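Trainee: Hey, dropping upload.txt in here, compact mmCIF, C-alpha atoms:
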# COMPACT_ATOMS: atom_id res chain seq x y z
CA MET A 1 160.48 -162.56 173.31
CA ARG A 2 157.48 -160.31 173.67
CA SER A 3 159.76 -157.45 174.57
CA ALA A 4 161.77 -157.86 171.40
CA ILE A 5 158.61 -157.95 169.28
CA LEU A 6 157.24 -154.80 170.93
CA ASN A 7 160.53 -152.99 170.38
CA ALA A 8 160.52 -153.97 166.71
CA ILE A 9 157.05 -152.47 166.31
CA LEU A 10 157.25 -149.43 168.57
CA VAL A 11 160.66 -148.03 167.59
CA PRO A 12 159.79 -147.44 163.88
CA MET A 13 156.47 -145.97 164.92
CA VAL A 14 158.16 -143.54 167.30
CA LEU A 15 160.70 -142.48 164.68
CA THR A 16 157.98 -141.97 162.08
CA THR A 17 155.92 -139.94 164.53
CA PHE A 18 158.95 -137.82 165.41
CA TRP A 19 159.66 -137.19 161.70
CA LEU A 20 156.07 -136.14 161.07
CA ILE A 21 156.16 -133.81 164.07
CA GLN A 22 159.30 -132.17 162.66
CA LEU A 23 157.60 -131.70 159.31
CA VAL A 24 154.53 -130.19 160.90
CA GLN A 25 156.63 -127.89 163.07
CA ALA A 26 158.66 -126.81 160.03
CA GLY A 27 155.50 -125.64 158.28
CA TYR A 28 156.31 -124.39 154.76
CA SER A 29 159.76 -123.04 155.67
CA CYS A 30 162.99 -124.35 154.15
CA LYS A 31 164.89 -122.47 156.84
CA GLU A 32 163.07 -124.17 159.70
CA ALA A 33 163.34 -127.55 157.99
CA LYS A 34 167.05 -126.86 157.30
CA LEU A 35 166.65 -128.03 153.74
CA CYS A 36 168.43 -126.72 150.66
CA CYS A 37 169.16 -129.26 147.95
CA SER A 38 170.75 -128.98 144.52
CA GLY A 39 169.27 -130.41 141.36
CA ARG A 40 166.03 -132.33 141.58
CA ASP A 41 165.52 -134.14 144.84
CA SER A 42 162.04 -135.43 145.71
CA ALA A 43 163.19 -136.15 149.27
CA CYS A 44 163.92 -132.46 149.82
CA VAL A 45 160.32 -131.82 150.78
CA VAL A 46 158.46 -129.93 153.47
CA GLN A 47 155.01 -131.29 154.22
CA LYS A 48 152.54 -129.57 156.47
CA THR A 49 150.41 -132.65 157.04
CA SER A 50 151.08 -136.36 157.20
CA PRO A 51 152.10 -137.77 153.82
CA TYR A 52 149.29 -140.28 154.27
CA ALA A 53 146.64 -137.66 154.97
CA ILE A 54 144.02 -136.75 152.39
CA ILE A 55 144.84 -133.45 150.69
CA GLU A 56 141.83 -131.22 151.02
CA GLY A 57 143.23 -127.98 149.57
CA PRO A 58 146.37 -126.27 148.16
CA GLN A 59 147.52 -125.48 151.70
CA ASP A 60 147.91 -129.20 152.39
CA LYS A 61 150.21 -129.86 149.43
CA PRO A 62 153.94 -130.37 150.07
CA CYS A 63 156.53 -127.78 149.00
CA TYR A 64 160.12 -128.43 147.97
CA CYS A 65 163.50 -126.95 148.72
CA ASP A 66 165.46 -128.30 145.75
CA HIS A 67 166.56 -126.11 142.83
CA ALA A 68 164.22 -127.96 140.45
CA CYS A 69 161.26 -126.45 142.28
CA ILE A 70 161.90 -123.16 140.48
CA LYS A 71 160.99 -124.70 137.15
CA LEU A 72 158.29 -126.94 138.61
CA GLY A 73 156.70 -124.06 140.52
CA ASP A 74 156.39 -125.89 143.86
CA CYS A 75 159.01 -124.13 145.98
CA CYS A 76 158.46 -123.23 149.61
CA ASN A 77 157.95 -119.53 150.15
CA ASP A 78 161.39 -118.87 151.60
CA PHE A 79 163.36 -121.16 149.27
CA LYS A 80 165.15 -118.46 147.27
CA GLU A 81 166.11 -116.46 150.35
CA THR A 82 167.24 -119.49 152.33
CA CYS A 83 169.17 -121.17 149.52
CA GLY A 84 170.77 -118.01 148.10
CA VAL A 85 168.91 -118.13 144.81
CA VAL A 86 169.34 -114.86 142.87
CA ASP A 87 167.40 -114.01 139.71
CA CYS A 88 169.16 -112.06 137.00
CA THR A 89 168.17 -108.41 136.85
CA VAL A 90 168.90 -106.06 133.98
CA SER A 91 168.73 -102.34 133.33
CA THR A 92 166.12 -100.64 131.17
CA TRP A 93 166.66 -100.50 127.42
CA GLY A 94 169.03 -97.83 126.16
CA SER A 95 168.24 -95.51 123.24
CA TRP A 96 168.08 -96.82 119.68
CA SER A 97 171.28 -96.33 117.69
CA THR A 98 171.32 -94.33 114.49
CA CYS A 99 170.35 -96.20 111.34
CA ASP A 100 173.34 -98.00 109.80
CA ARG A 101 172.29 -96.85 106.34
CA LYS A 102 172.25 -93.20 105.34
CA CYS A 103 169.85 -93.83 102.48
CA GLY A 104 167.18 -96.50 102.23
CA PRO A 105 166.37 -99.41 104.56
CA GLY A 106 168.82 -100.43 107.27
CA THR A 107 168.92 -101.60 110.89
CA GLN A 108 169.36 -99.98 114.27
CA SER A 109 169.91 -101.58 117.65
CA ARG A 110 169.67 -100.98 121.38
CA SER A 111 171.02 -102.80 124.43
CA ARG A 112 170.74 -103.15 128.19
CA THR A 113 173.21 -104.29 130.86
CA ILE A 114 173.23 -106.93 133.62
CA LEU A 115 172.75 -105.48 137.10
CA ASN A 116 172.82 -108.80 138.99
CA SER A 117 173.83 -112.15 137.52
CA ASP A 118 171.75 -115.22 138.23
CA LYS A 119 173.01 -117.54 140.99
CA HIS A 120 172.11 -120.97 142.35
CA GLY A 121 169.45 -121.74 139.80
CA GLY A 122 167.86 -118.29 139.60
CA LYS A 123 166.21 -116.96 136.45
CA HIS A 124 168.64 -116.55 133.58
CA CYS A 125 169.31 -113.16 132.05
CA PRO A 126 166.96 -112.14 129.22
CA GLN A 127 168.07 -110.90 125.80
CA LEU A 128 170.49 -108.00 126.15
CA GLU A 129 170.40 -106.71 122.57
CA GLU A 130 167.69 -106.28 119.96
CA SER A 131 167.43 -104.67 116.54
CA ARG A 132 164.76 -103.37 114.20
CA ILE A 133 164.44 -102.16 110.62
CA CYS A 134 164.89 -98.45 110.00
CA HIS A 135 164.79 -96.14 106.98
CA SER A 136 166.93 -93.08 106.41
CA SER A 137 167.06 -90.46 103.68
CA ASP A 138 169.82 -88.25 105.11
CA ASP A 139 172.32 -88.99 102.34
CA CYS A 140 169.92 -89.74 99.51
CA GLN A 141 170.61 -87.68 96.44
CA ARG A 142 167.85 -85.17 96.04
CA ARG A 143 166.70 -84.58 92.52
CA ASN A 144 167.47 -81.12 91.21
CA TYR A 145 164.34 -80.36 89.25
CA SER A 146 166.01 -77.43 87.55
CA ILE A 147 168.27 -80.01 85.83
CA PRO A 148 165.92 -82.97 85.25
CA GLN A 149 167.13 -86.28 83.90
CA LYS A 150 166.08 -87.68 80.53
CA GLU A 151 163.44 -85.13 79.69
CA ILE A 152 160.94 -86.14 77.05
CA ALA A 153 158.91 -83.51 75.24
CA LEU A 154 155.19 -84.37 75.28
CA LEU A 155 153.37 -82.83 72.31
CA VAL A 156 149.96 -82.33 70.76
CA PRO A 157 149.18 -80.77 67.37
CA ARG A 158 147.99 -77.19 67.73
CA ASN A 159 144.65 -78.00 66.09
CA LEU A 160 143.87 -80.51 68.87
CA ASP A 161 144.46 -78.08 71.70
CA GLY A 162 140.97 -76.56 71.48
CA SER A 163 141.98 -73.05 72.52
CA GLU A 164 143.30 -69.94 70.89
CA ASP A 165 146.41 -68.24 72.20
CA SER A 166 144.92 -64.83 71.55
CA ASP A 167 142.30 -65.49 74.26
CA ASP A 168 145.03 -65.84 76.89
CA GLU A 169 147.11 -62.71 77.15
CA ASN A 170 149.41 -64.39 79.70
CA THR A 171 150.29 -67.00 77.10
CA ILE A 172 151.34 -64.29 74.68
CA SER A 173 153.47 -62.47 77.24
CA ASN A 174 155.05 -65.41 79.08
CA GLY A 175 155.17 -68.23 76.54
CA TYR A 176 157.87 -68.90 74.01
CA CYS A 177 158.54 -70.97 70.90
CA VAL A 178 161.26 -73.44 70.02
CA SER A 179 162.35 -74.74 66.64
CA PHE A 180 163.56 -78.33 66.26
CA LYS A 181 165.02 -80.35 63.42
CA VAL A 182 163.67 -83.90 63.40
CA ILE A 183 166.41 -86.52 63.14
CA LYS A 184 164.29 -89.62 63.82
CA ALA A 185 160.55 -90.42 63.76
CA THR A 186 158.60 -93.68 63.89
CA LYS A 187 156.46 -94.86 60.95
CA ALA A 188 153.30 -94.36 63.02
CA CYS A 189 153.73 -90.60 62.64
CA ARG A 190 153.12 -90.82 58.87
CA LYS A 191 149.72 -92.44 59.29
CA ASP A 192 148.18 -89.32 60.86
CA PRO A 193 147.89 -86.26 58.54
CA ALA A 194 148.24 -83.94 61.55
CA LEU A 195 151.65 -85.47 62.23
CA ALA A 196 152.89 -85.64 58.65
CA THR A 197 155.49 -82.94 59.25
CA LEU A 198 157.25 -85.07 61.88
CA ILE A 199 159.65 -86.75 59.46
CA GLU A 200 163.43 -86.86 59.29
CA GLY A 201 165.09 -83.64 58.14
CA VAL A 202 162.01 -81.39 58.59
CA GLU A 203 162.10 -78.45 60.97
CA VAL A 204 159.07 -78.03 63.24
CA CYS A 205 158.00 -75.34 65.65
CA VAL A 206 156.67 -76.04 69.16
CA ARG A 207 154.99 -73.45 71.35
CA CYS A 208 155.28 -73.41 75.14
CA GLN A 209 152.13 -71.82 76.53
CA THR A 210 151.70 -70.46 80.03
CA ARG A 211 149.62 -73.41 81.19
CA ALA A 212 152.42 -75.81 80.16
CA LEU A 213 155.13 -74.02 82.15
CA ARG A 214 156.39 -76.10 85.06
CA ARG A 215 157.50 -74.52 88.29
CA VAL A 216 159.85 -77.43 89.14
CA LEU A 217 161.65 -76.71 85.85
CA ASN A 218 162.11 -73.02 86.67
CA TRP A 219 159.03 -72.08 84.65
CA ARG A 220 159.81 -73.69 81.34
CA CYS A 221 158.25 -76.50 79.33
CA GLN A 222 159.48 -80.05 79.71
CA GLY A 223 161.64 -81.26 76.83
CA ASP A 224 162.22 -77.82 75.28
CA GLY A 225 165.85 -78.70 74.57
CA GLU A 226 167.26 -76.61 77.40
CA GLN A 227 168.82 -79.69 78.95
CA LEU A 228 171.72 -81.41 77.19
CA GLY A 229 170.61 -84.79 75.98
CA GLY A 230 166.92 -83.90 76.30
CA ASN A 231 166.20 -84.52 72.64
CA ARG A 232 163.37 -87.07 72.77
CA TRP A 233 159.76 -86.32 71.93
CA SER A 234 156.44 -88.17 71.96
CA VAL A 235 152.98 -87.23 70.67
CA LEU A 236 150.23 -87.81 73.21
CA SER A 237 147.50 -88.09 70.59
CA SER A 238 149.35 -90.94 68.87
CA ALA A 239 150.86 -93.48 71.25
CA HIS A 240 153.34 -94.88 68.73
CA CYS A 241 154.53 -91.60 67.25
CA HIS A 242 157.82 -90.59 68.87
CA GLY A 243 161.39 -89.86 67.94
CA ARG A 244 164.37 -87.57 68.41
CA TRP A 245 165.21 -84.03 67.37
CA ILE A 246 167.74 -81.22 67.83
CA ARG A 247 166.83 -77.71 68.95
CA THR A 248 167.85 -75.07 66.42
CA LEU A 249 166.28 -71.86 67.75
CA LYS A 250 164.33 -70.40 70.67
CA THR A 251 162.33 -67.17 70.45
CA GLY A 252 159.66 -65.22 72.31
CA PRO A 253 155.92 -65.85 72.03
CA GLU A 254 155.71 -64.98 68.31
CA CYS A 255 156.45 -68.27 66.56
CA GLU A 256 155.97 -66.85 63.09
CA GLY A 257 159.51 -65.50 63.21
CA LEU A 258 160.92 -69.00 63.21
CA ALA A 259 162.10 -70.61 60.01
CA CYS A 260 159.24 -73.12 59.82
CA ARG A 261 155.71 -73.16 58.47
CA SER A 262 152.98 -72.00 60.78
CA GLU A 263 150.87 -75.10 60.10
CA ALA A 264 153.69 -77.25 61.51
CA ILE A 265 153.37 -75.79 64.98
CA PHE A 266 152.92 -78.17 67.91
CA LEU A 267 152.29 -77.46 71.58
CA PHE A 268 154.09 -78.63 74.71
CA VAL A 269 151.88 -80.20 77.36
Before we go any further, please render this structure as structure tokens.

Mentor:
Amino acid sequence: MRSAILNAILVPMVLTTFWLIQLVQAGYSCKEAKLCCSGRDSACVVQKTSPYAIIEGPQDKPCYCDHACIKLGDCCNDFKETCGVVDCTVSTWGSWSTCDRKCGPGTQSRSRTILNSDKHGGKHCPQLEESRICHSSDDCQRRNYSIPQKEIALLVPRNLDGSEDSDDENTISNGYCVSFKVIKATKACRKDPALATLIEGVEVCVRCQTRALRRVLNWRCQGDGEQLGGNRWSVLSSAHCHGRWIRTLKTGPECEGLACRSEAIFLFV
């Protein structure tokens, strides 16, 4: 009877002691413990000390040899090597592609390739393609300033210019005059005596002085009627005085030769 009782007590104690010795001998090695478990298995553990011992530091904590330890961060040091776990590795990024739009905003992309696929619970492959916004002007139509679009002649009455042409010899030699026949003018033009000549049917003369010549227009004044359809005008000194006209004649710097009164002369600005 006593023998049976002793056996019932001693045998479990011996087995437990043997199991603890195996754990201690295994250290933190999955290979020595011959453990490699799939999924999450709390029994797939390697413990350096007795499970009933007081943990005094990180070195006394158990480590695991199941695939869940990768996410939980409690794997034994040799788990990946022992259990054939392979992290995905990729190449470096390739060059950015050309912008998919030849004019304006678009997108461009780049990619990288998989060198080693992930296995047995290793880290998954990261993003293989990415894109970003780009801007291109390769095919944008470039404005030809020698043929501008929708030119509008900007005018001031000669008496508001504050300078005499005779004081600027370059104006006399390089400027020119243009005669226009007014075909439309707003009512605001009639309220200003200096603009009284800007009425339908009247011919007016406009002088292009040197300082009003524009290089981007091949050294001519804006709105001088050189461009087809460029028949709109606006007076800077009167915001609401504007209209349309037709060019009838262009001469050199001497405007007096034009068929219009000298007091009707305006200036391009």

Trainee: Using Å and a single decimal, report how far atom CA of Asp78 of chain A sits from atom CA of Cys30 of chain A.

Mentor: 6.3 Å

Trainee: Do a neighbour search on segment 85-98 of chain A at 10 Å with only C-alpha atoms, toss out local chain neighbours closer than 4 positions, and write the hits as a PyMOL selection string.

Mentor: chain A and resi 67+70+79-81+102+106-132+134+136

Trainee: Rounded to one decimal, what separation in Å do you get between atom CA of Cys208 of chain A and atom CA of Lys191 of chain A?

Mentor: 25.4 Å

Trainee: Any idea what the distance is between atom CA of Cys205 of chain A and atom CA of Val178 of chain A?

Mentor: 5.8 Å

Trainee: I need the residue nearest Ala239 of chain A from this list: A:Leu160, A:Ala188, A:Ala43, A:Leu35. Use all atoms listed in the file for the distance.

Mentor: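 The closest residue to Ala239 of chain A is A:Ala188.
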
Trainee: Write out as a ChimeraX atom specification which residues come within 6 Å of segment 245-251 of chain A when counting all atoms listed in the file, dropping same-chain ones fewer than 4 positions away.

Mentor: /A:176-183,225,231

Trainee: Okay, now the selection with C-alpha atoms, as a compact mmCIF listing (two decimals), in the coordinates of the input?

Mentor:
# COMPACT_ATOMS: atom_id res chain seq x y z
CA TYR A 176 157.87 -68.90 74.01
CA CYS A 177 158.54 -70.97 70.90
CA VAL A 178 161.26 -73.44 70.02
CA SER A 179 162.35 -74.74 66.64
CA PHE A 180 163.56 -78.33 66.26
CA LYS A 181 165.02 -80.35 63.42
CA VAL A 182 163.67 -83.90 63.40
CA ILE A 183 166.41 -86.52 63.14
CA GLY A 225 165.85 -78.70 74.57
CA ASN A 231 166.20 -84.52 72.64

Trainee: Have a look at A:Lys150, A:Arg101, A:Arg211, A:Lys184 and name the one nearest to Glu226 of chain A; count only C-alpha atoms.

Mentor: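 Of A:Lys150, A:Arg101, A:Arg211, A:Lys184, the one nearest Glu226 of chain A is A:Lys150, counting only C-alpha atoms.
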
Trainee: In terms of the shortest atom-to-atom distance over all atoms listed in the file, which of A:Asn218, A:Ser42, A:Thr82, A:Thr197 is closest to Phe266 of chain A?

Mentor: A:Thr197

Trainee: Would you mind telling me which residue in A:Gly104, A:Gly175, A:Pro193, A:Gly201 lies nearest to Asp224 of chain A when using only C-alpha atoms?

Mentor: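 So, comparing all the options, the nearest one is A:Gly175.
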